[in-house]
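Enquirer: Sharing model.cif here; it has mmCIF, C-alpha atoms.
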```cif
data_run
#
loop_
_atom_site.group_PDB
_atom_site.id
_atom_site.type_symbol
_atom_site.label_atom_id
_atom_site.label_comp_id
_atom_site.auth_asym_id
_atom_site.auth_seq_id
_atom_site.Cartn_x
_atom_site.Cartn_y
_atom_site.Cartn_z
ATOM 1 C CA MET G 8 137.934 223.468 132.957
ATOM 2 C CA THR G 9 135.542 224.250 130.098
ATOM 3 C CA THR G 10 132.196 225.760 131.109
ATOM 4 C CA THR G 11 129.281 225.118 128.762
ATOM 5 C CA PHE G 12 125.748 226.522 128.771
ATOM 6 C CA ILE G 13 123.081 224.582 126.846
ATOM 7 C CA THR G 14 119.548 225.751 126.159
ATOM 8 C CA GLY G 15 116.788 223.148 126.042
ATOM 9 C CA ALA G 16 119.019 220.737 127.941
ATOM 10 C CA ASN G 17 116.357 218.919 129.954
ATOM 11 C CA LYS G 18 115.564 216.218 127.359
ATOM 12 C CA SER G 19 116.450 214.540 124.075
ATOM 13 C CA LEU G 20 119.469 215.919 122.211
ATOM 14 C CA GLY G 21 120.111 218.664 124.745
ATOM 15 C CA LEU G 22 120.232 216.238 127.652
ATOM 16 C CA GLU G 23 122.401 213.750 125.758
ATOM 17 C CA THR G 24 124.789 216.515 124.721
ATOM 18 C CA ALA G 25 125.013 217.681 128.321
ATOM 19 C CA ARG G 26 125.715 214.146 129.496
ATOM 20 C CA ARG G 27 128.467 213.645 126.943
ATOM 21 C CA LEU G 28 130.124 216.951 127.769
ATOM 22 C CA VAL G 29 130.027 216.255 131.511
ATOM 23 C CA GLU G 30 131.780 212.970 130.737
ATOM 24 C CA ALA G 31 134.333 214.931 128.697
ATOM 25 C CA GLY G 32 135.121 217.078 131.724
ATOM 26 C CA HIS G 33 133.020 220.155 131.006
ATOM 27 C CA THR G 34 131.248 222.089 133.725
ATOM 28 C CA VAL G 35 127.759 222.078 132.227
ATOM 29 C CA VAL G 36 125.000 224.515 133.072
ATOM 30 C CA VAL G 37 121.607 223.115 132.100
ATOM 31 C CA GLY G 38 119.292 225.726 130.616
ATOM 32 C CA ALA G 39 115.623 224.724 130.686
ATOM 33 C CA ARG G 40 112.261 226.470 130.534
ATOM 34 C CA ASP G 41 110.523 223.910 132.763
ATOM 35 C CA PRO G 42 112.144 224.113 136.223
ATOM 36 C CA GLU G 43 110.890 220.695 137.368
ATOM 37 C CA ARG G 44 112.257 218.843 134.344
ATOM 38 C CA GLY G 45 115.346 220.989 134.407
ATOM 39 C CA ARG G 46 116.095 220.151 138.036
ATOM 40 C CA ALA G 47 115.675 216.439 137.348
ATOM 41 C CA ALA G 48 117.981 216.624 134.331
ATOM 42 C CA ALA G 49 120.619 218.627 136.170
ATOM 43 C CA ALA G 50 120.514 216.263 139.140
ATOM 44 C CA SER G 51 120.983 213.245 136.879
ATOM 45 C CA LEU G 52 124.103 214.839 135.399
ATOM 46 C CA GLY G 53 125.628 216.430 138.462
ATOM 47 C CA ALA G 54 125.113 219.795 136.756
ATOM 48 C CA ARG G 55 123.492 223.094 137.716
ATOM 49 C CA LEU G 56 120.112 224.296 136.444
ATOM 50 C CA VAL G 57 119.443 227.799 135.213
ATOM 51 C CA ARG G 58 115.874 228.491 134.141
ATOM 52 C CA ILE G 59 115.616 230.154 130.753
ATOM 53 C CA ASP G 60 112.785 230.854 128.334
ATOM 54 C CA VAL G 61 114.468 231.780 125.066
ATOM 55 C CA THR G 62 111.362 233.699 123.925
ATOM 56 C CA ASP G 63 111.475 236.103 126.879
ATOM 57 C CA ASP G 64 114.000 238.938 127.120
ATOM 58 C CA ALA G 65 113.797 239.193 130.903
ATOM 59 C CA SER G 66 114.241 235.443 131.360
ATOM 60 C CA VAL G 67 117.293 235.340 129.096
ATOM 61 C CA GLU G 68 118.870 238.363 130.746
ATOM 62 C CA ALA G 69 118.230 236.847 134.188
ATOM 63 C CA ALA G 70 119.819 233.565 133.068
ATOM 64 C CA ALA G 71 122.932 235.355 131.836
ATOM 65 C CA ALA G 72 123.142 237.283 135.116
ATOM 66 C CA ASP G 73 122.805 234.020 137.065
ATOM 67 C CA VAL G 74 125.656 232.422 135.111
ATOM 68 C CA ALA G 75 127.760 235.563 135.506
ATOM 69 C CA ALA G 76 127.240 235.448 139.268
ATOM 70 C CA HIS G 77 127.984 231.730 139.661
ATOM 71 C CA GLU G 78 130.371 230.697 136.872
ATOM 72 C CA GLY G 79 131.687 234.118 135.919
ATOM 73 C CA ALA G 80 132.178 233.165 132.264
ATOM 74 C CA ILE G 81 131.414 230.462 129.748
ATOM 75 C CA ASP G 82 133.556 228.882 127.056
ATOM 76 C CA VAL G 83 130.816 227.233 125.009
ATOM 77 C CA LEU G 84 127.249 228.280 124.247
ATOM 78 C CA ILE G 85 124.990 225.675 122.660
ATOM 79 C CA ASN G 86 121.766 227.087 121.230
ATOM 80 C CA ASN G 87 119.776 223.866 121.245
ATOM 81 C CA ALA G 88 116.244 224.916 122.274
ATOM 82 C CA GLY G 89 113.799 224.495 119.432
ATOM 83 C CA VAL G 90 110.242 223.659 118.453
ATOM 84 C CA LEU G 91 108.781 221.797 115.495
ATOM 85 C CA GLY G 92 105.740 224.007 115.096
ATOM 86 C CA ARG G 93 102.499 223.235 113.368
ATOM 87 C CA VAL G 94 102.431 220.275 110.996
ATOM 88 C CA GLY G 95 99.648 219.716 108.485
ATOM 89 C CA PRO G 96 98.141 221.183 105.332
ATOM 90 C CA VAL G 97 100.103 224.280 104.347
ATOM 91 C CA GLU G 98 96.935 226.232 103.569
ATOM 92 C CA GLU G 99 96.075 226.082 107.273
ATOM 93 C CA TYR G 100 99.301 227.749 108.412
ATOM 94 C CA THR G 101 98.914 231.269 109.768
ATOM 95 C CA ALA G 102 101.352 234.090 110.355
ATOM 96 C CA ALA G 103 100.985 233.418 114.081
ATOM 97 C CA ASP G 104 102.106 229.811 113.547
ATOM 98 C CA MET G 105 105.229 231.018 111.742
ATOM 99 C CA SER G 106 105.955 233.692 114.325
ATOM 100 C CA ALA G 107 105.798 231.161 117.157
ATOM 101 C CA VAL G 108 108.395 228.909 115.496
ATOM 102 C CA LEU G 109 110.703 231.763 114.544
ATOM 103 C CA ASP G 110 110.538 233.221 118.049
ATOM 104 C CA VAL G 111 112.050 230.061 119.531
ATOM 105 C CA ASN G 112 114.232 228.705 116.744
ATOM 106 C CA VAL G 113 115.650 231.925 115.301
ATOM 107 C CA VAL G 114 114.940 234.962 117.460
ATOM 108 C CA GLY G 115 115.753 232.831 120.498
ATOM 109 C CA VAL G 116 119.234 232.162 119.098
ATOM 110 C CA VAL G 117 119.807 235.884 118.622
ATOM 111 C CA ARG G 118 118.381 236.731 122.041
ATOM 112 C CA VAL G 119 120.523 234.169 123.899
ATOM 113 C CA THR G 120 123.675 234.877 121.911
ATOM 114 C CA HIS G 121 123.344 238.608 122.568
ATOM 115 C CA ALA G 122 122.938 238.084 126.309
ATOM 116 C CA PHE G 123 125.728 235.522 126.693
ATOM 117 C CA LEU G 124 128.307 237.008 124.348
ATOM 118 C CA PRO G 125 129.950 239.119 127.103
ATOM 119 C CA LEU G 126 130.421 235.927 129.147
ATOM 120 C CA LEU G 127 131.838 234.081 126.127
ATOM 121 C CA ARG G 128 134.325 236.854 125.464
ATOM 122 C CA LYS G 129 135.887 236.213 128.868
ATOM 123 C CA SER G 130 137.033 232.845 127.498
ATOM 124 C CA SER G 131 140.328 232.426 125.675
ATOM 125 C CA HIS G 132 138.642 230.130 123.116
ATOM 126 C CA PRO G 133 134.906 230.977 122.920
ATOM 127 C CA VAL G 134 132.640 228.669 120.926
ATOM 128 C CA ILE G 135 129.006 228.892 119.822
ATOM 129 C CA VAL G 136 127.166 225.851 118.479
ATOM 130 C CA ASN G 137 123.767 226.425 116.884
ATOM 131 C CA VAL G 138 121.705 223.276 116.458
ATOM 132 C CA SER G 139 120.325 223.446 112.924
ATOM 133 C CA SER G 140 118.990 220.784 110.564
ATOM 134 C CA GLY G 141 119.371 219.388 107.080
ATOM 135 C CA MET G 142 115.699 220.302 106.717
ATOM 136 C CA GLY G 143 116.919 223.875 106.324
ATOM 137 C CA SER G 144 119.145 222.996 103.355
ATOM 138 C CA PHE G 145 117.856 223.669 99.852
ATOM 139 C CA GLY G 146 120.154 221.009 98.427
ATOM 140 C CA LEU G 147 119.316 218.245 100.896
ATOM 141 C CA THR G 148 115.560 218.778 100.776
ATOM 142 C CA GLN G 149 115.677 218.527 96.959
ATOM 143 C CA ASP G 150 117.851 215.396 96.863
ATOM 144 C CA PRO G 151 115.687 212.248 96.441
ATOM 145 C CA ASP G 152 118.433 210.147 98.011
ATOM 146 C CA ARG G 153 118.234 212.112 101.260
ATOM 147 C CA VAL G 154 115.668 211.535 104.006
ATOM 148 C CA GLU G 155 115.150 215.310 104.229
ATOM 149 C CA SER G 156 113.409 215.227 100.827
ATOM 150 C CA GLN G 157 110.708 212.902 102.148
ATOM 151 C CA TYR G 158 109.148 215.404 104.539
ATOM 152 C CA SER G 159 107.259 218.669 104.196
ATOM 153 C CA LEU G 160 107.793 220.869 107.253
ATOM 154 C CA PRO G 161 107.598 224.448 105.941
ATOM 155 C CA LEU G 162 107.710 226.269 109.275
ATOM 156 C CA TYR G 163 110.482 224.216 110.858
ATOM 157 C CA ALA G 164 112.528 224.008 107.657
ATOM 158 C CA ALA G 165 112.370 227.744 107.067
ATOM 159 C CA SER G 166 113.453 228.437 110.644
ATOM 160 C CA LYS G 167 116.449 226.110 110.367
ATOM 161 C CA ALA G 168 117.488 227.677 107.062
ATOM 162 C CA ALA G 169 117.572 230.955 108.983
ATOM 163 C CA VAL G 170 119.632 229.404 111.787
ATOM 164 C CA THR G 171 122.212 228.131 109.309
ATOM 165 C CA MET G 172 122.506 231.534 107.638
ATOM 166 C CA LEU G 173 122.696 233.279 111.019
ATOM 167 C CA THR G 174 125.582 230.965 111.851
ATOM 168 C CA THR G 175 127.607 231.855 108.783
ATOM 169 C CA GLN G 176 126.983 235.577 109.245
ATOM 170 C CA TYR G 177 127.831 235.546 112.953
ATOM 171 C CA ALA G 178 131.010 233.618 112.181
ATOM 172 C CA ARG G 179 131.996 236.321 109.706
ATOM 173 C CA GLU G 180 131.313 239.143 112.150
ATOM 174 C CA LEU G 181 132.549 237.555 115.382
ATOM 175 C CA GLU G 182 136.163 236.964 114.473
ATOM 176 C CA ASP G 183 137.055 236.192 118.087
ATOM 177 C CA VAL G 184 134.433 233.434 118.439
ATOM 178 C CA LYS G 185 134.102 230.074 116.665
ATOM 179 C CA VAL G 186 130.497 229.852 115.445
ATOM 180 C CA ASN G 187 129.217 226.678 113.786
ATOM 181 C CA ALA G 188 125.953 224.867 113.055
ATOM 182 C CA ALA G 189 125.397 221.213 113.946
ATOM 183 C CA ASP G 190 123.006 218.960 112.042
ATOM 184 C CA PRO G 191 121.976 215.983 114.205
ATOM 185 C CA GLY G 192 120.162 214.347 111.286
ATOM 186 C CA GLN G 193 116.917 212.442 111.696
ATOM 187 C CA THR G 194 116.991 211.529 115.371
ATOM 188 C CA ALA G 195 114.437 209.678 117.472
ATOM 189 C CA THR G 196 112.992 212.565 119.493
ATOM 190 C CA ASP G 197 109.578 214.099 120.152
ATOM 191 C CA PHE G 198 109.910 215.918 116.821
ATOM 192 C CA THR G 199 110.128 212.718 114.783
ATOM 193 C CA GLY G 200 107.752 210.572 116.798
ATOM 194 C CA GLY G 201 110.655 208.320 117.757
ATOM 195 C CA ILE G 202 111.793 207.726 114.157
ATOM 196 C CA GLY G 203 115.495 207.911 113.357
ATOM 197 C CA ARG G 204 118.854 207.203 114.920
ATOM 198 C CA GLY G 205 119.347 207.261 118.673
ATOM 199 C CA VAL G 206 120.090 210.507 120.495
ATOM 200 C CA ALA G 207 123.634 209.296 121.207
ATOM 201 C CA GLU G 208 124.344 209.338 117.475
ATOM 202 C CA GLY G 209 122.366 212.510 116.911
ATOM 203 C CA ALA G 210 124.384 214.381 119.515
ATOM 204 C CA GLU G 211 127.728 213.525 117.899
ATOM 205 C CA SER G 212 127.939 216.582 115.662
ATOM 206 C CA ILE G 213 126.952 218.893 118.523
ATOM 207 C CA VAL G 214 129.532 217.391 120.879
ATOM 208 C CA ALA G 215 132.219 217.490 118.189
ATOM 209 C CA LEU G 216 131.670 221.198 117.569
ATOM 210 C CA ALA G 217 131.448 221.964 121.300
ATOM 211 C CA THR G 218 134.888 220.438 121.841
ATOM 212 C CA ILE G 219 136.862 222.031 119.000
ATOM 213 C CA GLY G 220 140.188 223.601 119.840
ATOM 214 C CA PRO G 221 141.419 227.120 119.048
ATOM 215 C CA ASN G 222 142.315 226.026 115.510
ATOM 216 C CA GLY G 223 138.915 224.479 114.873
ATOM 217 C CA PRO G 224 136.492 225.519 112.124
ATOM 218 C CA THR G 225 134.106 228.450 112.095
ATOM 219 C CA GLY G 226 131.133 229.272 109.898
ATOM 220 C CA GLN G 227 130.561 225.590 109.113
ATOM 221 C CA PHE G 228 127.445 223.415 108.866
ATOM 222 C CA ILE G 229 128.478 219.943 110.059
ATOM 223 C CA ASP G 230 126.627 216.664 110.445
ATOM 224 C CA ARG G 231 127.797 213.499 112.145
#
```
Hey, can you dump this file as structure tokens for me?
Expert:
Amino acid sequence: MTTTFITGANKSLGLETARRLVEAGHTVVVGARDPERGRAAAASLGARLVRIDVTDDASVEAAAADVAAHEGAIDVLINNAGVLGRVGPVEEYTAADMSAVLDVNVVGVVRVTHAFLPLLRKSSHPVIVNVSSGMGSFGLTQDPDRVESQYSLPLYAASKAAVTMLTTQYARELEDVKVNAADPGQTATDFTGGIGRGVAEGAESIVALATIGPNGPTGQFIDR
């Protein structure tokens, strides 16, 4: 039985990924900052809720301790929690705006990975999936044929570029763990105002990377 922990799993792509993995036979632990929404999501899936705020050291450490006490180990960690951040004229952005986005989207990945790595290393085939975005790709955001080139999201895009680079560097260092980045593409979520493909399609790359075998890829950035 594969045990998977997903951050930000109470809605949108996180919830759909959790649903798909439960259907695939995974034991899924729903990580959510909001306990009420998290409980509702977990109940709908037949999963267990663990409260986690990826911006808070104590919360993340408590979540890892909770999983250690109940599941004992995990096989897959999906760093899905993320925020869009401020959108608008770039001259209005402040350092505080950037810090808030980085704290969730980038530092949160490091914080959660650090806390859960001992639990992953109890697995015979540990896997980390970081949810990134084509908005963090220099090539895609400069390609007029790609939807990513039509938007200007400096804070979000910069954070996802960092997530993708973190992924490749972690994959190089963690030789015993498969570490990959998933790009859901433009998906109809709160971030896009409902514009884009459905969450079922958006979750495909995340699910695919969460279900790779021992000979699967590492250090890759993969879309659907």
Enquirer: Can you pull out every residue within 10 Å of Thr175 (chain G), counting all atoms listed in the file, but drop anything in the same chain fewer than 5 positions away, and send it as a ChimeraX atom specification?
Expert: /G:170,180,186-188,225-228
Enquirer: Translate the PyMOL selection byres ((chain G and resi 14) around 12), as applied to the file shown, into an explicit residue set as a CSV table (one decimal) with C-alpha atoms, in the coordinates of the input.
Expert:
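Wrote expr.csv, looks like this:
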```
chain,number,residue,atom,x,y,z
G,11,THR,CA,129.3,225.1,128.8
G,12,PHE,CA,125.7,226.5,128.8
G,13,ILE,CA,123.1,224.6,126.8
G,15,GLY,CA,116.8,223.1,126.0
G,16,ALA,CA,119.0,220.7,127.9
G,17,ASN,CA,116.4,218.9,130.0
G,18,LYS,CA,115.6,216.2,127.4
G,19,SER,CA,116.4,214.5,124.1
G,20,LEU,CA,119.5,215.9,122.2
G,21,GLY,CA,120.1,218.7,124.7
G,22,LEU,CA,120.2,216.2,127.7
G,24,THR,CA,124.8,216.5,124.7
G,25,ALA,CA,125.0,217.7,128.3
G,35,VAL,CA,127.8,222.1,132.2
G,36,VAL,CA,125.0,224.5,133.1
G,37,VAL,CA,121.6,223.1,132.1
G,38,GLY,CA,119.3,225.7,130.6
G,39,ALA,CA,115.6,224.7,130.7
G,40,ARG,CA,112.3,226.5,130.5
G,41,ASP,CA,110.5,223.9,132.8
G,45,GLY,CA,115.3,221.0,134.4
G,56,LEU,CA,120.1,224.3,136.4
G,57,VAL,CA,119.4,227.8,135.2
G,58,ARG,CA,115.9,228.5,134.1
G,59,ILE,CA,115.6,230.2,130.8
G,60,ASP,CA,112.8,230.9,128.3
G,61,VAL,CA,114.5,231.8,125.1
G,62,THR,CA,111.4,233.7,123.9
G,67,VAL,CA,117.3,235.3,129.1
G,70,ALA,CA,119.8,233.6,133.1
G,71,ALA,CA,122.9,235.4,131.8
G,83,VAL,CA,130.8,227.2,125.0
G,84,LEU,CA,127.2,228.3,124.2
G,85,ILE,CA,125.0,225.7,122.7
G,86,ASN,CA,121.8,227.1,121.2
G,87,ASN,CA,119.8,223.9,121.2
G,88,ALA,CA,116.2,224.9,122.3
G,89,GLY,CA,113.8,224.5,119.4
G,111,VAL,CA,112.0,230.1,119.5
G,112,ASN,CA,114.2,228.7,116.7
G,115,GLY,CA,115.8,232.8,120.5
G,116,VAL,CA,119.2,232.2,119.1
G,118,ARG,CA,118.4,236.7,122.0
G,119,VAL,CA,120.5,234.2,123.9
G,120,THR,CA,123.7,234.9,121.9
G,123,PHE,CA,125.7,235.5,126.7
G,135,ILE,CA,129.0,228.9,119.8
G,136,VAL,CA,127.2,225.9,118.5
G,137,ASN,CA,123.8,226.4,116.9
G,138,VAL,CA,121.7,223.3,116.5
```
Enquirer: Which is closer to Ala207 (chain G) than all the others in G:Arg231, G:Ala65, G:Ser144, G:Arg93, using all atoms listed in the file?
Expert: G:Arg231
Enquirer: For His121 (chain G), which of G:Glu155, G:Asn222, G:Thr148, G:Leu181 is the closest residue, counting all atoms listed in the file?
Expert: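 Among G:Glu155, G:Asn222, G:Thr148, G:Leu181, it is G:Leu181 that comes nearest to His121 (chain G).
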Enquirer: Could you state the separation of CA of Arg179 (chain G) and CA of Gly223 (chain G) in Å, given to one decimal place?
Expert: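 Value for the CA of Arg179 (chain G)-CA of Gly223 (chain G) distance: 14.7 Å.
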Enquirer: Residues at most 9 Å from His132 (chain G), counting only C-alpha atoms, excluding those fewer than 4 positions away in the same chain, as a ChimeraX atom specification?
Expert: /G:82-83,127-128,183-185,220-221
Enquirer: Taking 3 positions as the minimum chain separation for residues in the same chain, which residues sit within 10 Å of Phe145 (chain G) when counting all atoms listed in the file? Answer as a PyMOL selection string.
Expert: chain G and resi 141-142+148-150+155-156+164-165+168
Enquirer: Would you kindly translate the PyMOL selection byres ((chain G and resi 78) around 10) into the concrete residues it picks from this file, as an mmCIF file with C-alpha atoms, in the frame of the given file?
Expert:
```
data_model
loop_
_atom_site.group_PDB
_atom_site.id
_atom_site.type_symbol
_atom_site.label_atom_id
_atom_site.label_comp_id
_atom_site.auth_asym_id
_atom_site.auth_seq_id
_atom_site.Cartn_x
_atom_site.Cartn_y
_atom_site.Cartn_z
ATOM 1 C CA THR G 10 132.196 225.760 131.109
ATOM 2 C CA THR G 11 129.281 225.118 128.762
ATOM 3 C CA THR G 34 131.248 222.089 133.725
ATOM 4 C CA VAL G 36 125.000 224.515 133.072
ATOM 5 C CA ALA G 72 123.142 237.283 135.116
ATOM 6 C CA ASP G 73 122.805 234.020 137.065
ATOM 7 C CA VAL G 74 125.656 232.422 135.111
ATOM 8 C CA ALA G 75 127.760 235.563 135.506
ATOM 9 C CA ALA G 76 127.240 235.448 139.268
ATOM 10 C CA HIS G 77 127.984 231.730 139.661
ATOM 11 C CA GLY G 79 131.687 234.118 135.919
ATOM 12 C CA ALA G 80 132.178 233.165 132.264
ATOM 13 C CA ILE G 81 131.414 230.462 129.748
ATOM 14 C CA LEU G 126 130.421 235.927 129.147
#
```
Enquirer: Hey, which of G:Gly146, G:Val117, G:Leu216, G:Asp230 ends up closest to Leu28 (chain G)? Count all atoms listed in the file.
Expert: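 With all atoms listed in the file as the atom set, the closest residue is G:Leu216.
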Enquirer: For Val90 (chain G), work out the shell of residues within 10 Å, counting all atoms listed in the file and skipping chain neighbours fewer than 5 positions away, then give it as a PyMOL selection string.
Expert: chain G and resi 107-112+162-163+166+197-198
Enquirer: Measuring atom to atom with all atoms listed in the file, identify which of G:Asp152, G:Arg46, G:Ser140, G:Leu124 is nearest to Ala189 (chain G).
Expert: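 For Ala189 (chain G), the nearest of the given residues is G:Ser140.
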Enquirer: Between G:Pro151, G:Gly143, G:Gly192, G:Gly32, which is the closest to Thr171 (chain G) once you count all atoms listed in the file?
Expert: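 Checking each of G:Pro151, G:Gly143, G:Gly192, G:Gly32 against Thr171 (chain G), counting all atoms listed in the file, the winner is G:Gly143.
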Enquirer: When distances are computed from all atoms listed in the file, which of G:Ala217, G:Gly209, G:His33, G:Ala69 shows the smallest separation from Ala54 (chain G)?
Expert: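 When distances to Ala54 (chain G) are compared using all atoms listed in the file, the smallest one comes from G:His33.
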